[in-house]
Structure formats: structure tokens, C-alpha cells
Number of protein chains: 2
Amino acid sequence: MDKLAIVLLSGGLDSTTVLAIAKNLGYLPLTLSFDYGQRHRVELGKARVIAKKFGVEEHRVVSVDLKQFGGSALTDDIEVPMDREEDAMTAEIPVTYVPARNTIFLSYALAFAETRGARDVFIGVNAVDYSGYPDCRPEFVQAFEALANLATKAGVDGESLKIHAPLIQMTKAEIIKKGLELNVDYGLTHSCYQPTPDGTSCGRCDSCRLRRKGFLDAGAVDPLNYVD
Amino acid sequence: MDKLAIVLLSGGLDSTTVLAIAKNLGYLPLTLSFDYGQRHRVELGKARVIAKKFGVEEHRVVSVDLKQFGGSALTDDIEVPMDREEDAMTAEIPVTYVPARNTIFLSYALAFAETRGARDVFIGVNAVDYSGYPDCRPEFVQAFEALANLATKAGVDGESLKIHAPLIQMTKAEIIKKGLELNVDYGLTHSCYQPTPDGTSCGRCDSCRLRRKGFLDAGAVDPLNYVD
């Protein structure tokens, strides 16, 4: 029997690649998306389509009320930065940082894993191209794994929970190459922080710029259309 | 100026005592409750009243959709155990355990703390009288603190976040004595897992039994009425 794994799936390029990796490793993935009031909620629909395409047996969408605390350009009326060079993106923690987001997301993944008897959780965090977020660092992932093994029945029973972050040391170009190798259709994915009402990517926010540069560096064609 | 602290406030005996302790230590508490589909949702109203009574400036209630994963007698149609002796309560992880609950709650506290610039979080977990829950152990709290310092801006900036669990090594009787010393009105609190529709405590679930025994051991009178 295949081993169950919980895969955090935003509908973006990174998490979709992670889903392909988990499947390729022989896991039976269950996917989890979050509706946290993000401006780019279009990604939730993409996640659903992607989960279906990958034959995922259970795809859950959890509503997470992060907007009520405020503090992020992804959920509030704070301007999303445009046209920034990569140096500027990583120089400080960006305004698109959502406080404690990955901690909250992984906590829900833990609840999902525990109720389904899964011992493996996959998350698409990446420390190379986007080191500005504190909760994308390898130390963070390790600390969460340590916590997970103390927080749950699995830990008490002596079984261990593993948090997999297969992209953590990869560049965007390497992620894209890996995904293409695994036949990921990146036309299904969404990366833009500030899409138009019809879902078209702006091409200028940090996320679009990193994606486009990734495809360029990978020598591949990005199937998405952009406004600019 | 008083230092801000986030206090997790369920409306129960333990968390209300923690709120009194935080206030007594000179913190300016902001409180956080969770609506997670618990049978004993009556506690949410109590939490609001308690927060007001303590002059809390900001009380938040976060909806947490734990029911959709299932797996607990507190949220699902699983029977709440009644009339159990203390030995039986702590022999194994009880069915009232909600998967990853404290991990999720502390994650939200972290988001709240980060957006308000608080560096202190208080939680009323207790390892003595209720060691059956894995996420009530001191190791769990320490692991979360380590995580918190890697997950957030505060950690990156070199400031440190502290998770306070002042009750962790106290018996229920000690908690009650401490609260009475600080003039906590336990008549405002709610502990029962399976109250009647009008909110009266059953007197027989694990939580009621621990509470009643606590008052007995403390030589104090429990101001609550019970069905049995």
C-alpha cells in the first residue's frame, strides 16, 4: 500500500512541483489549501484543478482568518511592491510576509496528518530565491519537525513525523527543471500576488518576477500570459 | 508602559487563572479564544465576559475549522467519557484530545503577537492533572518557543519570544489556590465538556471531575452548579 502524505498545495509553481515530487516518491498525497483572505485567491481554484489532475483522493480547503490580525500586503490594503530587483526583494522581510503563516499552515497539516494516520508532510518552502521570509528557512522546518514529534500521538507512540521540504535548497530554475522532468503542467499554476480580476498575472510583483526569471534561467517557456 | 502579552483564553478555570497571573506580573494582556466547533461552545461567551471583567483592551475570537478533519470527541459524534477515575483519564491519550489543537492555537497566538509587537504569549497548559494530552507537556511548550523564535520577524531581529506556561507543573488544587489569591471569580468560568443546552455543567466528564476534585483538594467551594 502506498504511504499517505499530506501535501500543502497553494496552486503555485513551488507547491505543485512538490506534489509531483511526493507522488514520484511513491506517496499517496492528500492535499491541503488555505483560504486566508489572500488577494490572489484565484490560486485556490487552480489548486483544486491541480489536485484533480494528480488524482488526489482528498483535497481540503481550510479557512484561516489571518486578515483579522492584519499586518501583510497579501491580505490587507498595503501596496504590493512592483518591479523590484532580486537584491531588493531579499534585503529585508517583505511586506508580503504574512505573520506566522507557515507555522499556522503546518499546524493544520499536522492535524490532517494525525487524523488520517499520515506520517509525512510536504511543504514547498524555498530558502534560496526567497530568503526574506523567516519561516522559509531550513532551521524553521527542522524546528517544526521537532515540535510535531512532541505535539502528537505519533510522537508519543514513538513513530516519527517527517516534514519534507524538497525545494528548500533549490533555485527557482532548478525547481522548474525538476517539475518539467516530472511532467508538471505549469500552465495550471498561479504565482502572481496581484492578478487582474480575470486572474491574469501582473508580471511585475516579486512572485511574478521570480517566476519569469526562473523560466528564463531554466531555458524553458513559461506557459502563462502576463499583463506586462 | 506595560508590556503587551497574548493570553490564550478559553473561558475555563486554567486559562482564566493564567490571565490573572499575566496581569499580576504587570503585562497588558490581549486575549485570544477559538471557536473550533467544540461541543462546549458556551465557554466562548464566558471568555468574552472574563476578558471584559479583566479590562482586556482587545479580545479576539478566531474560527478554527478542526471539525472537518474529525478525530475528537470534543468536536465530533464520539461519546465523551463519563465517571472516569483519574487513573483511567491519564492512562492513554483520551478521545477528547483534539489533534494538533495547541499547536494550531499557539500558531495563531504567534500571528497575533507578531502583528501587535508582543513578545510574550501565555497558555494555560498543565502537565500534572492532565498528562494524557501530548501537547500539554513541558517539552512541547519548549519546542514551540524554539520554533516561534525561528518563525517570526522577532526571531530574525534578535528579539526573543517567550511562551509562558505558568500552570504547567501545578496541580488543579494549586491552580485554584493561586487564582483565589488573585481574586479570580471562578463562577465566571466554564470547564464542562458536555454541558446541558442551558450551559449547566454535567459534573461527570473528565473536565468536571478534575475541577471538582481540585476545589475539594484546595479546601475551597466551587461556585458552579452541576447536574449530577
# chains A, B, ... in the order shown; residues from 1 in each chain; ligands from 1
call {"tool": "residues_around", "arguments": {"residues": "Val62 in chain B", "least_positions_apart": "4", "cutoff": "12 Å", "atoms": "only C-alpha atoms", "output": "list in words"}}
result
Ser63, Val64, Asp65, Leu66, Lys67, Gln68 and Phe69 of chain A; Leu8, Leu9, Ser10, Thr31, Leu32, Ser33, Phe34, Asp35, Tyr36, Gly37, Leu44, Leu66, Ile104, Phe105, Leu106, Ser107, Tyr108, Ala109, Ala111 and Phe112 of chain B
call {"tool": "residues_around", "arguments": {"residues": "Pro223 in chain B", "least_positions_apart": "4", "cutoff": "10 Å", "atoms": "only C-alpha atoms", "output": "list in words"}}
result
Asp185, Tyr186, Gly187, Leu188, Thr189 and Phe215 of chain B
call {"tool": "closest_atom_pairs", "arguments": {"of": "chain B", "to": "chain A", "cutoff": "6 Å", "atoms": "only C-alpha atoms", "output": "tab-separated table"}}
result
residue	atom	partner	partner_atom	distance
B:Phe69	CA	A:Phe112	CA	5.9
B:Gly71	CA	A:Thr115	CA	5.7
B:Pro99	CA	A:Ala111	CA	5.0
B:Ala100	CA	A:Ala111	CA	4.9
B:Thr103	CA	A:Ser107	CA	5.8
B:Ile104	CA	A:Ser107	CA	5.1
B:Ser107	CA	A:Ile104	CA	5.2
B:Ala111	CA	A:Ala100	CA	4.9
B:Phe112	CA	A:Phe69	CA	5.9
B:Thr115	CA	A:Gly71	CA	5.7
B:Pro134	CA	A:Ala151	CA	5.5
B:Asp135	CA	A:Ala151	CA	4.6
B:Phe140	CA	A:Leu150	CA	5.5
B:Ala143	CA	A:Leu147	CA	5.2
B:Leu147	CA	A:Ala143	CA	5.2
B:Leu150	CA	A:Phe140	CA	5.5
B:Ala151	CA	A:Asp135	CA	4.6
B:Thr152	CA	A:Pro134	CA	5.8
call {"tool": "write_last_selection", "arguments": {"atoms": "N, CA and C atoms", "output": "PDB file, in the first residue's frame"}}
result
ATOM      1  N   PHE B  69     -11.561  17.837   9.882  1.00  0.00           N
ATOM      2  CA  PHE B  69     -10.624  16.710   9.883  1.00  0.00           C
ATOM      3  C   PHE B  69     -11.141  15.553  10.736  1.00  0.00           C
ATOM      4  N   GLY B  71     -11.948  13.296  14.307  1.00  0.00           N
ATOM      5  CA  GLY B  71     -10.990  12.624  15.187  1.00  0.00           C
ATOM      6  C   GLY B  71     -11.024  12.991  16.654  1.00  0.00           C
ATOM      7  N   PRO B  99      -6.737  16.710  17.670  1.00  0.00           N
ATOM      8  CA  PRO B  99      -5.441  16.645  17.002  1.00  0.00           C
ATOM      9  C   PRO B  99      -4.813  18.015  16.765  1.00  0.00           C
ATOM     10  N   ALA B 100      -3.582  18.152  17.214  1.00  0.00           N
ATOM     11  CA  ALA B 100      -2.774  19.349  16.959  1.00  0.00           C
ATOM     12  C   ALA B 100      -3.380  20.645  17.484  1.00  0.00           C
ATOM     13  N   THR B 103      -1.008  23.246  19.073  1.00  0.00           N
ATOM     14  CA  THR B 103      -0.076  23.735  18.050  1.00  0.00           C
ATOM     15  C   THR B 103      -0.756  24.801  17.205  1.00  0.00           C
ATOM     16  N   ILE B 104      -1.984  24.515  16.801  1.00  0.00           N
ATOM     17  CA  ILE B 104      -2.735  25.486  15.999  1.00  0.00           C
ATOM     18  C   ILE B 104      -3.023  26.749  16.813  1.00  0.00           C
ATOM     19  N   SER B 107       0.016  28.838  17.198  1.00  0.00           N
ATOM     20  CA  SER B 107       0.396  29.448  15.915  1.00  0.00           C
ATOM     21  C   SER B 107      -0.374  30.745  15.683  1.00  0.00           C
ATOM     22  N   ALA B 111       0.853  34.756  15.418  1.00  0.00           N
ATOM     23  CA  ALA B 111       0.455  35.758  14.419  1.00  0.00           C
ATOM     24  C   ALA B 111      -0.053  37.024  15.111  1.00  0.00           C
ATOM     25  N   PHE B 112      -0.857  36.835  16.143  1.00  0.00           N
ATOM     26  CA  PHE B 112      -1.414  37.951  16.905  1.00  0.00           C
ATOM     27  C   PHE B 112      -0.262  38.729  17.562  1.00  0.00           C
ATOM     28  N   THR B 115       1.829  40.761  14.975  1.00  0.00           N
ATOM     29  CA  THR B 115       1.215  41.974  14.420  1.00  0.00           C
ATOM     30  C   THR B 115       1.054  43.071  15.469  1.00  0.00           C
ATOM     31  N   PRO B 134      -0.624  14.940  24.558  1.00  0.00           N
ATOM     32  CA  PRO B 134       0.811  15.145  24.252  1.00  0.00           C
ATOM     33  C   PRO B 134       1.191  16.623  24.190  1.00  0.00           C
ATOM     34  N   ASP B 135       0.242  17.461  23.759  1.00  0.00           N
ATOM     35  CA  ASP B 135       0.601  18.878  23.586  1.00  0.00           C
ATOM     36  C   ASP B 135       0.355  19.703  24.854  1.00  0.00           C
ATOM     37  N   PHE B 140       6.784  20.101  24.878  1.00  0.00           N
ATOM     38  CA  PHE B 140       6.029  20.681  23.775  1.00  0.00           C
ATOM     39  C   PHE B 140       6.127  22.207  23.800  1.00  0.00           C
ATOM     40  N   ALA B 143       9.527  23.327  22.745  1.00  0.00           N
ATOM     41  CA  ALA B 143       9.728  23.168  21.297  1.00  0.00           C
ATOM     42  C   ALA B 143       8.983  24.268  20.541  1.00  0.00           C
ATOM     43  N   LEU B 147      10.580  27.090  18.028  1.00  0.00           N
ATOM     44  CA  LEU B 147      10.002  27.317  16.698  1.00  0.00           C
ATOM     45  C   LEU B 147       9.639  28.790  16.506  1.00  0.00           C
ATOM     46  N   LEU B 150      12.248  31.084  15.476  1.00  0.00           N
ATOM     47  CA  LEU B 150      12.768  30.924  14.118  1.00  0.00           C
ATOM     48  C   LEU B 150      11.738  31.353  13.086  1.00  0.00           C
ATOM     49  N   ALA B 151      10.469  31.362  13.506  1.00  0.00           N
ATOM     50  CA  ALA B 151       9.374  31.539  12.547  1.00  0.00           C
ATOM     51  C   ALA B 151       9.039  32.984  12.283  1.00  0.00           C
ATOM     52  N   THR B 152       9.525  33.883  13.099  1.00  0.00           N
ATOM     53  CA  THR B 152       8.980  35.240  13.057  1.00  0.00           C
ATOM     54  C   THR B 152      10.046  36.317  12.875  1.00  0.00           C
TER      55      THR B 152
END
call {"tool": "residues_around", "arguments": {"residues": "range 53-57 of chain A", "least_positions_apart": "4", "cutoff": "9 Å", "atoms": "only C-alpha atoms", "output": "list in words"}}
result
Leu19, Ala20, Lys23, Leu28, Pro29, Leu30, Thr31, Arg48 and Val49 of chain A
call {"tool": "select_by_dssp", "arguments": {"residues": "range 49-86 of chain B", "states": "helix (DSSP H, G or I)", "output": "list of chain:residue names"}}
result
B:Val49, B:Ile50, B:Ala51, B:Lys52, B:Lys53, B:Glu86
call {"tool": "atom_distance", "arguments": {"atom1": "CA of Leu25 in chain A", "atom2": "CA of Ser207 in chain A"}}
result
27.6 Å
call {"tool": "atom_distance", "arguments": {"atom1": "CA of Cys202 in chain A", "atom2": "CA of His59 in chain A"}}
result
27.9 Å
